[in-house]
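Scroll down for the structure; my scribbles are underneath it.
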Amino acid sequence: MSSAGKLRFDGRVAVVTGAGAGLGREYALLLASRGAKVVVNDLGGTHSGEGASQRAADVVVEEIRKSGGEAVADYNSVIDGAKVIETAIKAYGRVDILINNAGILRDRSLLKTSEQDWNLVNDVHLKGSFKCTQAAFGHMKSQNFGRIIMTSSNSGIFGNFGQGNYSAAKMGLVGLANTVAIEGARNNIYCNVIIPTAASRMTEGILPDILFNELKPQLIAPVVAYLCHESCEDNGSYIESAAGWATKVQTVRGKGSVLRPSLDDPVTIEYVKNVWSKVTDMSQAKHLNSMAEASGYLLEVLEKLKAGGQDAVEDTFTFDNKELITYALGIGASIKNSQDLRFLYENDADFSAIPSFFVLPGLLLAMSTDRLVGSALPNNQADFTNILHGEQYLEIADDLPTSGTLTTTGKVFDVMDKGSGAVVVTNCDSFDENGRLVVKNQSCVFVVGAGKFGGKKNPIAGVVPLLPNPSRQPDSSIQYSTSEDQAVLYRLSGDRNPLHIDPQMARMAGFKTPILHGLCTLGYSVRAVLSQYADNNPTLFKAIKVRFSGPVLPGQTLKVDMWLEGKRVHFRTVVVETGKEVISGAYVDLKSTKAKL
Ligand SMILES: CCCCCCC[C@@H](O)CC(=O)SCCNC(=O)CCNC(=O)[C@H](O)C(C)(C)COP(=O)(O)OP(=O)(O)OC[C@H]1O[C@@H](n2cnc3c(N)ncnc32)[C@H](O)[C@@H]1OP(=O)(O)O
């Protein structure tokens with residue numbers, strides 16, 4: 001390279017501490033050879049900080065002068081930082097570059113480290129760098145230029161047996177550099193960290209011979225010199241360098257995990273234990289540039305917790321008469337019943353959707369992403385082998401279309417720890433192409449075996465409650481037989497959960513044979529209520545809430561017991577063959593009733 005292209009330090013004054021030997025000496029020689037006036041600071045003690053002599057600094061000053069450079073010696077301890085900097089001001093009137101390099105070792109294992117060993121090592125490395133930096137900072141500020149280097153070590157970053165005092169000081173320097181970089185930035189004072197591994201009197205006897213011989217300090221000096229040059233724009237960087245190699249080093253932060261389902265919940269030790277693998281997962285770790293960025297993310301977490309702990313998810317759901325007819329067949333509508341033709345024949349004058357069809361957009365949204373149910377739980381413990389539909393609420397918000405595309409947004413609303421399982425409540429709102437809210441769905445998914453994670457037991461306000469059936473005998477009952485292929489047919493409406501068809505999956509989920517979809521049983525129950533109390537007119541249907549309290553097997557007979565109270569029809573659904581209740585605490589709200597007597 002021609003001398004014209006060389007990076008120069010003409011007019012710059014550099015203070016290099018601990019420059020009597022090793023890395024410091026190399027920095028001093030290199031900067032001087034490129035035009036800097038150098039203050040060669042060295043107390044001249046041993047590597048453990050004993051004694052003092054002017055010789056070490058004098059030899060380097062002599063070397064620089066012999067090569068045509070300018071240098072003065074300084075014999076002060078870095079703890080007297082003001083005196084060190086004063087040498088530069090007296091000799092050259094300014095200080096542009098400060099390389100905090102001086103250091104000593106007092107290696108002892110923790111139990112043997114005396115307070116004196118601790119203090120001395122921390123004083124020289126950490127306090128010394130602080131004192132020199134503080135003394136230089138004012139001059140740099142008034143010049144509107146400064147380059148400061150802190151010297152850290154892998155011993156601090158990774159730890160090293162017998163170097164507790166040194167490791168602590170070396171990580172302390174990283175912290176000091178972070179703040180100096182921030183405070184200096186607006187005055188063009190940049191502070192960076194060098195993490196060198198060099199053969200020097202401090203590392204002799206510590207590094208293996210073969211490595212020691214390759215770790216020449218002069219291979220690191222150009223890296224540090226570049227960091228000190230006015231053209232280098234790094235500020236607050238940590239640069240590791242050794243053996244003719246260098247890299248930037250950064251701290252990273254994982255994605256982490258929230259430690260409670262919502263702002264209303266406490267953080268429990270059990271919950272922490274359960275999400276620990278998420279807390280410690282570094283697969284999505286990122287470097288953050290500032291404290292503002294770090295705390296900004298915490299604010300995001302709080303916002304999320306306020307909004308129910310999770311991000312909203314969105315999906316579209318397109319349907320026409322084919323989907324409506326398939327659904328009607330799936331819940332037992334039949335042309336054997338003339339009243340059902342309106343749900344089965346698209347050219348019927350009153351062709352319409354059975355209102356419970358509109359549970360599908362929310363359910364399919366929830367099933368298409370693990371971000372709704374799974375991510376709400378510690379360890380994402382939700383899959384097709386352990387989720388059961390627990391409860392469902394559906395509310396019709398506006399006229400129901402017979403075709404179109406609905407956009408559904410969903411989010412987790414509540415999470416409960418029920419011991420034998422976890423209950424995840426999701427809210428999904430579906431809008432038509434014009435942004436009109438058509439239906440609201442709230443689903444409770446019972447995640448078997450995912451309980452005991454330290455969460456709360458009871459629902460928050462807004463989880464639609466069940467209502468007990470009246471204590472009198474039912475006002476009416478309707479019975480439907482389901483077919484052995486009922487689940488097969490119902491699957492065609494979109495819920496392809498293998499639990500309903502695959503014997504092996506059913507066994508894995510704890511059932512002897514595949515069970516019917518909860519929403520299929522709900523559909524039968526809605527048909528019963530509409531037929532009994534609404535003249536089969538779907539426009540009278542307003543809302544439904546059910547709990548799936550027991551499984552139904554395809555082929556079993558369902559009996560829907562109903563009680564009319566005003567415009568509310570309470571009901572329960574029972575499997576006739578076993579007498580077991582499978583839908584409990586349920587009710588349908590109608591806009592008005594056309595009761596059959
Ligand atoms: C991923 C996207 C979403 C996917 C959605 C689903 C997709 C579909 O394909 C899946 C289905 O359709 S599954 C079929 C329909 N569902 C069923 O068959 C479940 C039937 N229910 C049961 O077996 C039990 O109630 C059972 C097993 C649920 C609970 O029984 P137990 O463990 O014996 O509980 P129990 O002792 O009775 O009560 C413990 C606490 O839990 C509450 N609880 C009970 N049943 C609940 C239910 N169904 N829903 C919500 N909470 C329920 C109890 O109230 C009790 O709480 P607390 O102690 O606070 O009173």
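Labels used: A, B, ... for chains in the order of the structure tokens, numbers from 1 for residues in each chain, and numbers from 1 for ligands as shown.
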
DSSP strand (DSSP E) residues within range 183-245 of chain A, listed as an NGL selection string: :A and (189-196 or 238-242 or 245)

Exercise: Val488 in chain A partners within 10 Å, only C-alpha atoms, chain neighbours under 2 positions left out, as a PyMOL selection string: chain A and resi 330+483-486+490-493+496+500-501+516-517+554

Considering only C-alpha atoms, return as a ChimeraX atom specification whatever protein or nucleic-acid residues lie within 6 Å of Tyr238 in chain A, sequence-local ones (same chain, fewer than 2 positions apart) excluded. /A:193-194,248-249

Could you check which of A:Pro498, A:Trp276, A:Lys255, A:Ala312 is closest to Leu298 in chain A, using only C-alpha atoms? A:Lys255

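Taking CA of Leu499 in chain A and CA of Pro514 in chain A as endpoints, the distance between them is 5.6 Å.
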
7 Å contact set for range 3-16 of chain A, only C-alpha atoms, chain neighbours under 2 positions out, as a list of chain:residue names: A:Met1, A:Gly18, A:Ala19, A:Gly24, A:Ala28, A:Leu31, A:Arg34, A:Gly35, A:Ala36, A:Lys37, A:Val38, A:Val39, A:Val40, A:Asn41, A:Arg94, A:Val95, A:Asp96, A:Ile97, A:Leu98, A:Ile99, A:Asn100, A:Asn101

Distance filter 7 Å around ligand 1, atoms: only C-alpha atoms and all ligand atoms, out as a PDB file with N, CA and C atoms, in the first residue's frame:
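Result saved to part.pdb:
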```pdb
ATOM      1  N   LEU A 363     -63.399 -22.080  15.080  1.00  0.00           N
ATOM      2  CA  LEU A 363     -62.765 -23.364  15.376  1.00  0.00           C
ATOM      3  C   LEU A 363     -61.627 -23.648  14.401  1.00  0.00           C
ATOM      4  N   ALA A 366     -58.644 -21.593  15.136  1.00  0.00           N
ATOM      5  CA  ALA A 366     -57.904 -22.118  16.292  1.00  0.00           C
ATOM      6  C   ALA A 366     -57.122 -23.368  15.916  1.00  0.00           C
ATOM      7  N   MET A 367     -57.697 -24.193  15.046  1.00  0.00           N
ATOM      8  CA  MET A 367     -57.021 -25.445  14.701  1.00  0.00           C
ATOM      9  C   MET A 367     -55.894 -25.239  13.690  1.00  0.00           C
ATOM     10  N   ASP A 370     -50.932 -23.144  15.985  1.00  0.00           N
ATOM     11  CA  ASP A 370     -50.646 -23.528  17.371  1.00  0.00           C
ATOM     12  C   ASP A 370     -50.463 -22.284  18.225  1.00  0.00           C
ATOM     13  N   VAL A 373     -53.984 -22.025  20.993  1.00  0.00           N
ATOM     14  CA  VAL A 373     -54.110 -22.840  22.195  1.00  0.00           C
ATOM     15  C   VAL A 373     -52.736 -23.203  22.759  1.00  0.00           C
ATOM     16  N   ILE A 387     -56.234 -32.535  23.309  1.00  0.00           N
ATOM     17  CA  ILE A 387     -57.225 -31.451  23.388  1.00  0.00           C
ATOM     18  C   ILE A 387     -58.643 -31.988  23.209  1.00  0.00           C
ATOM     19  N   LEU A 388     -59.507 -31.527  24.075  1.00  0.00           N
ATOM     20  CA  LEU A 388     -60.929 -31.859  23.954  1.00  0.00           C
ATOM     21  C   LEU A 388     -61.693 -30.550  23.920  1.00  0.00           C
ATOM     22  N   HIS A 389     -62.728 -30.529  23.122  1.00  0.00           N
ATOM     23  CA  HIS A 389     -63.556 -29.336  23.110  1.00  0.00           C
ATOM     24  C   HIS A 389     -64.323 -29.294  24.421  1.00  0.00           C
ATOM     25  N   GLY A 390     -64.134 -28.254  25.181  1.00  0.00           N
ATOM     26  CA  GLY A 390     -64.725 -28.198  26.520  1.00  0.00           C
ATOM     27  C   GLY A 390     -66.039 -27.446  26.562  1.00  0.00           C
ATOM     28  N   GLU A 391     -66.038 -26.230  26.020  1.00  0.00           N
ATOM     29  CA  GLU A 391     -67.260 -25.420  26.017  1.00  0.00           C
ATOM     30  C   GLU A 391     -67.308 -24.592  24.738  1.00  0.00           C
ATOM     31  N   LYS A 418     -56.948 -26.341  35.781  1.00  0.00           N
ATOM     32  CA  LYS A 418     -58.005 -27.116  36.437  1.00  0.00           C
ATOM     33  C   LYS A 418     -57.463 -28.386  37.082  1.00  0.00           C
ATOM     34  N   GLY A 419     -56.192 -28.473  37.266  1.00  0.00           N
ATOM     35  CA  GLY A 419     -55.613 -29.672  37.890  1.00  0.00           C
ATOM     36  C   GLY A 419     -55.485 -30.794  36.878  1.00  0.00           C
ATOM     37  N   SER A 420     -56.621 -31.460  36.570  1.00  0.00           N
ATOM     38  CA  SER A 420     -56.543 -32.580  35.610  1.00  0.00           C
ATOM     39  C   SER A 420     -56.250 -32.084  34.197  1.00  0.00           C
ATOM     40  N   GLY A 421     -56.417 -30.802  33.974  1.00  0.00           N
ATOM     41  CA  GLY A 421     -56.149 -30.240  32.643  1.00  0.00           C
ATOM     42  C   GLY A 421     -56.084 -28.731  32.713  1.00  0.00           C
ATOM     43  N   VAL A 423     -57.588 -25.200  30.825  1.00  0.00           N
ATOM     44  CA  VAL A 423     -58.658 -24.730  29.938  1.00  0.00           C
ATOM     45  C   VAL A 423     -58.174 -23.445  29.279  1.00  0.00           C
ATOM     46  N   CYS A 444     -63.839 -22.942  24.681  1.00  0.00           N
ATOM     47  CA  CYS A 444     -62.956 -23.386  25.761  1.00  0.00           C
ATOM     48  C   CYS A 444     -62.399 -24.731  25.333  1.00  0.00           C
ATOM     49  N   VAL A 445     -61.103 -24.823  25.296  1.00  0.00           N
ATOM     50  CA  VAL A 445     -60.471 -26.096  24.949  1.00  0.00           C
ATOM     51  C   VAL A 445     -59.921 -26.694  26.235  1.00  0.00           C
ATOM     52  N   PHE A 446     -60.297 -27.932  26.505  1.00  0.00           N
ATOM     53  CA  PHE A 446     -59.798 -28.621  27.693  1.00  0.00           C
ATOM     54  C   PHE A 446     -58.558 -29.400  27.274  1.00  0.00           C
ATOM     55  N   VAL A 448     -56.087 -31.945  28.253  1.00  0.00           N
ATOM     56  CA  VAL A 448     -55.954 -32.985  29.279  1.00  0.00           C
ATOM     57  C   VAL A 448     -54.484 -33.136  29.683  1.00  0.00           C
ATOM     58  N   LYS A 457     -57.495 -20.836  38.856  1.00  0.00           N
ATOM     59  CA  LYS A 457     -58.503 -21.857  38.590  1.00  0.00           C
ATOM     60  C   LYS A 457     -59.761 -21.275  37.963  1.00  0.00           C
ATOM     61  N   ASN A 458     -60.084 -20.040  38.360  1.00  0.00           N
ATOM     62  CA  ASN A 458     -61.394 -19.503  37.967  1.00  0.00           C
ATOM     63  C   ASN A 458     -61.311 -18.564  36.774  1.00  0.00           C
ATOM     64  N   ASP A 495     -63.285 -29.905  10.430  1.00  0.00           N
ATOM     65  CA  ASP A 495     -62.531 -30.344  11.609  1.00  0.00           C
ATOM     66  C   ASP A 495     -62.025 -31.767  11.364  1.00  0.00           C
ATOM     67  N   ASN A 497     -59.684 -33.374  12.874  1.00  0.00           N
ATOM     68  CA  ASN A 497     -58.998 -33.953  14.028  1.00  0.00           C
ATOM     69  C   ASN A 497     -59.113 -35.486  13.976  1.00  0.00           C
ATOM     70  N   LEU A 499     -58.826 -37.698  16.045  1.00  0.00           N
ATOM     71  CA  LEU A 499     -59.506 -38.277  17.213  1.00  0.00           C
ATOM     72  C   LEU A 499     -60.886 -38.830  16.840  1.00  0.00           C
ATOM     73  N   ILE A 515     -64.331 -40.721  18.901  1.00  0.00           N
ATOM     74  CA  ILE A 515     -65.527 -40.085  19.464  1.00  0.00           C
ATOM     75  C   ILE A 515     -66.055 -39.018  18.499  1.00  0.00           C
ATOM     76  N   LEU A 516     -67.293 -38.620  18.746  1.00  0.00           N
ATOM     77  CA  LEU A 516     -67.940 -37.625  17.877  1.00  0.00           C
ATOM     78  C   LEU A 516     -67.423 -36.224  18.222  1.00  0.00           C
ATOM     79  N   HIS A 517     -67.419 -35.357  17.210  1.00  0.00           N
ATOM     80  CA  HIS A 517     -67.054 -33.965  17.448  1.00  0.00           C
ATOM     81  C   HIS A 517     -68.053 -33.337  18.428  1.00  0.00           C
ATOM     82  N   GLY A 518     -67.541 -32.579  19.368  1.00  0.00           N
ATOM     83  CA  GLY A 518     -68.448 -31.879  20.283  1.00  0.00           C
ATOM     84  C   GLY A 518     -69.391 -30.963  19.519  1.00  0.00           C
ATOM     85  N   LEU A 519     -68.869 -30.308  18.512  1.00  0.00           N
ATOM     86  CA  LEU A 519     -69.706 -29.367  17.761  1.00  0.00           C
ATOM     87  C   LEU A 519     -70.763 -30.077  16.929  1.00  0.00           C
ATOM     88  N   ARG A 547     -71.579 -26.780  27.584  1.00  0.00           N
ATOM     89  CA  ARG A 547     -70.367 -27.481  28.048  1.00  0.00           C
ATOM     90  C   ARG A 547     -70.445 -28.921  27.565  1.00  0.00           C
ATOM     91  N   PHE A 548     -69.357 -29.394  26.967  1.00  0.00           N
ATOM     92  CA  PHE A 548     -69.276 -30.800  26.582  1.00  0.00           C
ATOM     93  C   PHE A 548     -68.781 -31.562  27.805  1.00  0.00           C
ATOM     94  N   SER A 549     -69.727 -32.233  28.451  1.00  0.00           N
ATOM     95  CA  SER A 549     -69.370 -32.829  29.743  1.00  0.00           C
ATOM     96  C   SER A 549     -69.023 -34.309  29.639  1.00  0.00           C
ATOM     97  N   GLY A 550     -69.268 -34.911  28.494  1.00  0.00           N
ATOM     98  CA  GLY A 550     -68.887 -36.314  28.320  1.00  0.00           C
ATOM     99  C   GLY A 550     -68.832 -36.644  26.843  1.00  0.00           C
ATOM    100  N   PRO A 551     -68.050 -37.662  26.482  1.00  0.00           N
ATOM    101  CA  PRO A 551     -67.909 -37.984  25.059  1.00  0.00           C
ATOM    102  C   PRO A 551     -69.122 -38.733  24.487  1.00  0.00           C
ATOM    103  N   VAL A 552     -69.310 -38.586  23.188  1.00  0.00           N
ATOM    104  CA  VAL A 552     -70.375 -39.286  22.467  1.00  0.00           C
ATOM    105  C   VAL A 552     -69.707 -40.178  21.436  1.00  0.00           C
ATOM    106  N   VAL A 582     -74.074 -35.435  28.158  1.00  0.00           N
ATOM    107  CA  VAL A 582     -72.883 -35.097  27.360  1.00  0.00           C
ATOM    108  C   VAL A 582     -72.809 -33.600  27.057  1.00  0.00           C
TER     109      VAL A 582
END
```

Among the residues A:Ser77, A:Thr87, A:Gln392, A:Gln381, the one that comes closest to Cys520 in chain A [using only C-alpha atoms]: A:Gln392

Got a sec: who's within 10 Å of Arg55 in chain A, counting only C-alpha atoms, leaving out chain neighbours fewer than 2 positions off, as a PDB file with N, CA and C atoms, in the first residue's frame?
```pdb
ATOM      1  N   GLY A  20       4.865  -0.354  28.779  1.00  0.00           N
ATOM      2  CA  GLY A  20       6.277  -0.724  28.879  1.00  0.00           C
ATOM      3  C   GLY A  20       6.580  -2.083  28.279  1.00  0.00           C
ATOM      4  N   ASP A  42       3.883   3.638  32.172  1.00  0.00           N
ATOM      5  CA  ASP A  42       4.162   2.344  32.829  1.00  0.00           C
ATOM      6  C   ASP A  42       4.796   2.615  34.178  1.00  0.00           C
ATOM      7  N   LEU A  43       4.194   1.993  35.161  1.00  0.00           N
ATOM      8  CA  LEU A  43       4.687   2.141  36.532  1.00  0.00           C
ATOM      9  C   LEU A  43       5.984   1.374  36.712  1.00  0.00           C
ATOM     10  N   GLY A  44       6.165   0.371  35.848  1.00  0.00           N
ATOM     11  CA  GLY A  44       7.391  -0.418  35.891  1.00  0.00           C
ATOM     12  C   GLY A  44       7.410  -1.452  36.989  1.00  0.00           C
ATOM     13  N   GLY A  45       6.243  -1.911  37.437  1.00  0.00           N
ATOM     14  CA  GLY A  45       6.195  -2.952  38.464  1.00  0.00           C
ATOM     15  C   GLY A  45       6.231  -4.335  37.823  1.00  0.00           C
ATOM     16  N   ALA A  52       8.310  -0.730  41.385  1.00  0.00           N
ATOM     17  CA  ALA A  52       8.126   0.317  40.385  1.00  0.00           C
ATOM     18  C   ALA A  52       9.488   0.661  39.804  1.00  0.00           C
ATOM     19  N   SER A  53       9.504   0.972  38.507  1.00  0.00           N
ATOM     20  CA  SER A  53      10.765   1.370  37.889  1.00  0.00           C
ATOM     21  C   SER A  53      10.463   2.182  36.644  1.00  0.00           C
ATOM     22  N   ALA A  57       9.059   2.128  30.765  1.00  0.00           N
ATOM     23  CA  ALA A  57       8.526   3.196  29.911  1.00  0.00           C
ATOM     24  C   ALA A  57       9.642   3.860  29.116  1.00  0.00           C
ATOM     25  N   ASP A  58      10.776   4.077  29.782  1.00  0.00           N
ATOM     26  CA  ASP A  58      11.890   4.772  29.119  1.00  0.00           C
ATOM     27  C   ASP A  58      12.369   4.021  27.882  1.00  0.00           C
ATOM     28  N   VAL A  59      12.439   2.687  27.998  1.00  0.00           N
ATOM     29  CA  VAL A  59      12.940   1.871  26.882  1.00  0.00           C
ATOM     30  C   VAL A  59      12.037   2.048  25.662  1.00  0.00           C
ATOM     31  N   VAL A  60      10.738   2.042  25.892  1.00  0.00           N
ATOM     32  CA  VAL A  60       9.786   2.167  24.765  1.00  0.00           C
ATOM     33  C   VAL A  60       9.847   3.576  24.178  1.00  0.00           C
ATOM     34  N   VAL A  61       9.942   4.578  25.040  1.00  0.00           N
ATOM     35  CA  VAL A  61      10.059   5.956  24.553  1.00  0.00           C
ATOM     36  C   VAL A  61      11.293   6.077  23.669  1.00  0.00           C
ATOM     37  N   ALA A  73       7.582   9.617  28.499  1.00  0.00           N
ATOM     38  CA  ALA A  73       7.272   8.560  29.464  1.00  0.00           C
ATOM     39  C   ALA A  73       6.418   9.124  30.597  1.00  0.00           C
ATOM     40  N   TYR A  75       5.252   7.690  34.578  1.00  0.00           N
ATOM     41  CA  TYR A  75       5.496   6.583  35.504  1.00  0.00           C
ATOM     42  C   TYR A  75       4.416   6.478  36.579  1.00  0.00           C
TER      43      TYR A  75
END
```

Using only C-alpha atoms, which protein or nucleic acid residues come within 10 Å of Ser290 in chain A? Drop anything in the same chain fewer than 6 positions from it, and give the result as a PyMOL selection string. chain A and resi 178+182+296

Save out the residues we just selected, C-alpha atoms, as a PDB file, in the first residue's frame.
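Dumped everything to out_4.pdb:
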```
ATOM      1  CA  ASN A 178     -21.080   0.685  27.530  1.00  0.00           C
ATOM      2  CA  ILE A 182     -23.352   6.472  25.440  1.00  0.00           C
ATOM      3  CA  GLY A 296     -39.376  -1.376  25.105  1.00  0.00           C
TER       4      GLY A 296
END
```

Could you pull out the alpha helix (DSSP H) residues of range 84-243 of chain A from DSSP and send them as a PyMOL selection string? chain A and resi 84-92+115-122+128-143+154-158+164-184+209-214+221-228

Suppose we keep C-alpha atoms; can you now write the selection as an mmCIF file, in the first residue's frame?
```cif
data_model
loop_
_atom_site.group_PDB
_atom_site.id
_atom_site.type_symbol
_atom_site.label_atom_id
_atom_site.label_comp_id
_atom_site.auth_asym_id
_atom_site.auth_seq_id
_atom_site.Cartn_x
_atom_site.Cartn_y
_atom_site.Cartn_z
ATOM 1 C CA VAL A 84 -1.277 10.311 33.721
ATOM 2 C CA ILE A 85 -3.444 12.561 31.559
ATOM 3 C CA GLU A 86 -1.691 15.642 32.907
ATOM 4 C CA THR A 87 1.558 14.290 31.401
ATOM 5 C CA ALA A 88 -0.083 14.370 27.968
ATOM 6 C CA ILE A 89 -1.498 17.856 28.452
ATOM 7 C CA LYS A 90 1.828 19.214 29.712
ATOM 8 C CA ALA A 91 3.832 17.628 26.890
ATOM 9 C CA TYR A 92 1.455 18.058 23.963
ATOM 10 C CA GLU A 115 -9.188 -8.705 50.133
ATOM 11 C CA GLN A 116 -5.872 -7.144 49.142
ATOM 12 C CA ASP A 117 -5.643 -9.362 46.024
ATOM 13 C CA TRP A 118 -9.184 -8.385 45.162
ATOM 14 C CA ASN A 119 -8.668 -4.666 45.708
ATOM 15 C CA LEU A 120 -5.350 -4.429 43.915
ATOM 16 C CA VAL A 121 -6.515 -6.181 40.746
ATOM 17 C CA ASN A 122 -9.795 -4.270 40.644
ATOM 18 C CA GLY A 128 -7.497 2.823 36.915
ATOM 19 C CA SER A 129 -9.418 2.770 33.615
ATOM 20 C CA PHE A 130 -12.152 4.863 35.199
ATOM 21 C CA LYS A 131 -9.707 7.434 36.580
ATOM 22 C CA CYS A 132 -7.773 7.821 33.320
ATOM 23 C CA THR A 133 -10.975 7.953 31.278
ATOM 24 C CA GLN A 134 -12.584 10.495 33.556
ATOM 25 C CA ALA A 135 -9.474 12.692 33.411
ATOM 26 C CA ALA A 136 -9.259 12.490 29.612
ATOM 27 C CA PHE A 137 -12.989 12.843 28.984
ATOM 28 C CA GLY A 138 -13.256 16.583 29.654
ATOM 29 C CA HIS A 139 -10.402 17.370 27.233
ATOM 30 C CA MET A 140 -11.941 15.134 24.582
ATOM 31 C CA LYS A 141 -15.305 16.765 25.077
ATOM 32 C CA SER A 142 -13.949 20.260 24.536
ATOM 33 C CA GLN A 143 -12.083 19.028 21.430
ATOM 34 C CA ASN A 154 -12.244 -13.871 27.841
ATOM 35 C CA SER A 155 -11.486 -14.591 31.453
ATOM 36 C CA GLY A 156 -14.248 -12.138 32.327
ATOM 37 C CA ILE A 157 -16.638 -13.251 29.624
ATOM 38 C CA PHE A 158 -16.291 -16.982 30.197
ATOM 39 C CA GLY A 164 -12.257 -14.272 40.251
ATOM 40 C CA ASN A 165 -10.790 -10.824 40.919
ATOM 41 C CA TYR A 166 -9.494 -10.410 37.364
ATOM 42 C CA SER A 167 -12.701 -11.791 35.735
ATOM 43 C CA ALA A 168 -14.830 -9.393 37.756
ATOM 44 C CA ALA A 169 -12.668 -6.402 36.816
ATOM 45 C CA LYS A 170 -12.672 -7.403 33.139
ATOM 46 C CA MET A 171 -16.462 -7.638 32.970
ATOM 47 C CA GLY A 172 -16.658 -4.401 34.932
ATOM 48 C CA LEU A 173 -14.743 -2.751 32.118
ATOM 49 C CA VAL A 174 -17.365 -3.893 29.602
ATOM 50 C CA GLY A 175 -20.047 -2.190 31.674
ATOM 51 C CA LEU A 176 -17.945 0.955 32.005
ATOM 52 C CA ALA A 177 -17.344 1.031 28.234
ATOM 53 C CA ASN A 178 -21.080 0.685 27.530
ATOM 54 C CA THR A 179 -21.839 3.818 29.498
ATOM 55 C CA VAL A 180 -18.819 5.834 28.330
ATOM 56 C CA ALA A 181 -19.884 5.039 24.738
ATOM 57 C CA ILE A 182 -23.352 6.472 25.440
ATOM 58 C CA GLU A 183 -22.103 9.553 27.312
ATOM 59 C CA GLY A 184 -19.434 10.318 24.712
ATOM 60 C CA ASP A 209 2.968 -23.323 24.598
ATOM 61 C CA ILE A 210 1.861 -23.981 21.040
ATOM 62 C CA LEU A 211 -0.802 -21.292 21.286
ATOM 63 C CA PHE A 212 1.393 -18.941 23.293
ATOM 64 C CA ASN A 213 3.962 -18.828 20.498
ATOM 65 C CA GLU A 214 1.339 -17.821 17.917
ATOM 66 C CA ALA A 221 -2.152 -3.845 17.678
ATOM 67 C CA PRO A 222 -3.542 -2.934 14.194
ATOM 68 C CA VAL A 223 -7.061 -3.821 15.352
ATOM 69 C CA VAL A 224 -6.786 -1.514 18.339
ATOM 70 C CA ALA A 225 -5.124 1.189 16.241
ATOM 71 C CA TYR A 226 -8.010 1.070 13.770
ATOM 72 C CA LEU A 227 -10.519 1.387 16.631
ATOM 73 C CA CYS A 228 -8.601 4.549 17.645
#
```

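Using only C-alpha atoms, the smallest distance between any of A:Leu522, A:Val546, A:Cys232, A:Leu590 and Lys567 in chain A comes from A:Leu590.
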
Given only C-alpha atoms as the basis, pick out the residue of A:Thr539, A:Ile331, A:Lys456, A:Thr113 nearest to Asp350 in chain A. A:Thr539

Let me make sure I understand: among A:Glu293, A:Ala450, A:Asn144, A:Tyr327, which one has the smallest atom-to-atom distance to Asn274 in chain A if we use only C-alpha atoms? A:Ala450

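CA of Glu395 in chain A is positioned 23.5 Å from CA of Val574 in chain A.
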
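Contact shell of Gln250 in chain A at 10 Å (only C-alpha atoms; same-chain neighbours under 2 positions omitted): Ser237, Tyr238, Ile239, Thr247, Lys248, Val252, Arg253, Lys286, His287, Leu288 and Asn289 of chain A.
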
Can you work out the spacing between CA of Leu372 in chain A and CA of Ala285 in chain A in Å, to one decimal? 22.5 Å
